[in-house]
Structure formats: structure tokens, C-alpha cells
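Scroll down for the structure; my scribbles are underneath it.
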Amino acid sequence: MAHRGVSVPEKNDGGIVVALVLLIAMLCTVFFSAIVLYASADIAITKDQKEKTVRARRIARLLSGWANIGNAVVHALLIVMLVSDTKRFKVFFPDEAEMPAGPIGLLVLNALVGLKSLKGGGIILALGWNSFIALAGSFIPIVWPKFIDVGIATWPYLAIFLWLGIYAFESAAFFFSVVAFTLKDAHVVKED
């Protein structure tokens, strides 16, 4: 039963299955890219292999850092979307449309973690933050479960697009920070 004055969002048309397939395809692409990068480096290395392995760790660290920066940018776009048309988006995001403190916090934290990674450090910080985001987003009902159950069917397409962008960057940041961390001992040279 709808209340007067409250607009009930219409259901989006049939792109739900396509969007879910694209979500899984993106996740698989990032996951397997991380595995390929990890597999391209030898953990216990000879002196001749050292350069290749250190390069793989650097690439993983940079990809993780840029993914965190990308996540911050998408959160900035989400904030602009929310505050530019508060009345429209209050139906979908009642707390965030009035005061987007959550998205602002995520923007700042992702930017800081990303910058630390890009400057050459923060592998443990990136792994911890990105692991927390991956787990919390999966299990907190207002994040990914809400998006799958409600958002993809009823939110405006711009909100869905930004949410998928967040998903892509969070996934990439997580997988590549795992690779960068697991290659942390790549500088250790194996005795022949």
C-alpha cells in the first residue's frame, strides 16, 4: 500500500540478468588477471629472476592503488549525484541524500590508501582496508545485498552505473592488493 505523496519507484526493465552477468564477468576478469600476474612472478628467485618478480609486485601495488583512487573518484561522483538532486535520491538513499557522510568517509579513506600505495608503500594497509571493504560490503545488508535485492531493480540507472563502478574498483583493489602482499618476499634471493 503506497502512501500519498511518496513516489514509489518503478521497476527497471529487463537488463537485470545482463547486469548480473556483467558483474560476474568483471569479477572473474579481475580475479584471473590477479592470478596471472601472481603466476608470472617466482617467489623464491635466482638473481636473474629478481627484476621480473619485483616488477610484478610493483604492477600489483600500482593497480591496487589506482583502483582505490578510482573508487574514491566514483564515490565523489556519487556524492555529487546525491546532493545535486536530493529530493529525487532521498527515496533510494534516505540517509545519504541528506548528509552523505558515509560516501565522504569512503572517498577520503580510499584516496589515502590509494595514494599511499602509489607512493610505494602501504601494501599491508591496502590489503587490510581492501579486505575489510570486500567483507563488510558483502555482509552488511545496506551495501551489496541491498543493491542486488532492491537497487538493481528500482534505482535510477545513474545510481546503478556508479554502484557498478564502485564494485569494479573495490574488486580490483582487493585482488591486486592480495597479489602485492603475497609477493612481499619477492626480493629474497634464493641461494643456488
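Each chain in the C-alpha cells gets a letter, A, B and so on, in the order shown; residues start at 1 in every chain, and ligands are counted from 1 in the order they appear.
Summary of the local environment: counting only C-alpha atoms, residues at most 8 Å from region 58-69 of chain A, other than itself and those fewer than 5 positions away along its chain, are Ala34, Leu37, Asn110, Ala111, Val113, Gly114, Leu115, Lys116, Ser117, Leu118, Gly120, Ile123, Ala126, Phe169, Glu170, Ala172, Ala173, Phe174, Phe175, Phe176, Ser177, Val179 and Ala180 of chain A.
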Would you compute the distance between CA of Phe93 (chain A) and CA of Gly128 (chain A)? Give it in Å to one decimal.
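A separation of 27.6 Å between them.
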Please run DSSP on the backbone and report, as number ranges by chain, all residues within region 19-192 of chain A that come out as alpha helix (DSSP H).
A: 19-39, 50-84, 86-90, 94-98, 101-118, 123-139, 144-146, 152-154, 157-182
Write out as JSON lines the residues of region 152-178 of chain A that have any atom within 12 Å of an atom of region 81-92 of chain A, one row each with the nearest atom pair and its distance in Å to one decimal, counting only C-alpha atoms, sorted by chain and then rising number.
```
{"residue": "A:Ile152", "atom": "CA", "partner": "A:Phe92", "partner_atom": "CA", "distance": 11.3}
{"residue": "A:Ala153", "atom": "CA", "partner": "A:Phe92", "partner_atom": "CA", "distance": 11.5}
{"residue": "A:Thr154", "atom": "CA", "partner": "A:Phe92", "partner_atom": "CA", "distance": 8.4}
{"residue": "A:Trp155", "atom": "CA", "partner": "A:Phe92", "partner_atom": "CA", "distance": 6.6}
{"residue": "A:Pro156", "atom": "CA", "partner": "A:Phe89", "partner_atom": "CA", "distance": 8.6}
{"residue": "A:Tyr157", "atom": "CA", "partner": "A:Met81", "partner_atom": "CA", "distance": 11.7}
{"residue": "A:Leu158", "atom": "CA", "partner": "A:Met81", "partner_atom": "CA", "distance": 8.4}
{"residue": "A:Ala159", "atom": "CA", "partner": "A:Met81", "partner_atom": "CA", "distance": 8.0}
{"residue": "A:Ile160", "atom": "CA", "partner": "A:Phe92", "partner_atom": "CA", "distance": 11.2}
{"residue": "A:Phe161", "atom": "CA", "partner": "A:Met81", "partner_atom": "CA", "distance": 11.5}
{"residue": "A:Leu162", "atom": "CA", "partner": "A:Met81", "partner_atom": "CA", "distance": 9.5}
{"residue": "A:Trp163", "atom": "CA", "partner": "A:Met81", "partner_atom": "CA", "distance": 11.8}
```
For CA of Gly151 (chain A) and CA of Pro103 (chain A), the interatomic separation in Å (one decimal)
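Separating CA of Gly151 (chain A) from CA of Pro103 (chain A) is a distance of 16.6 Å.
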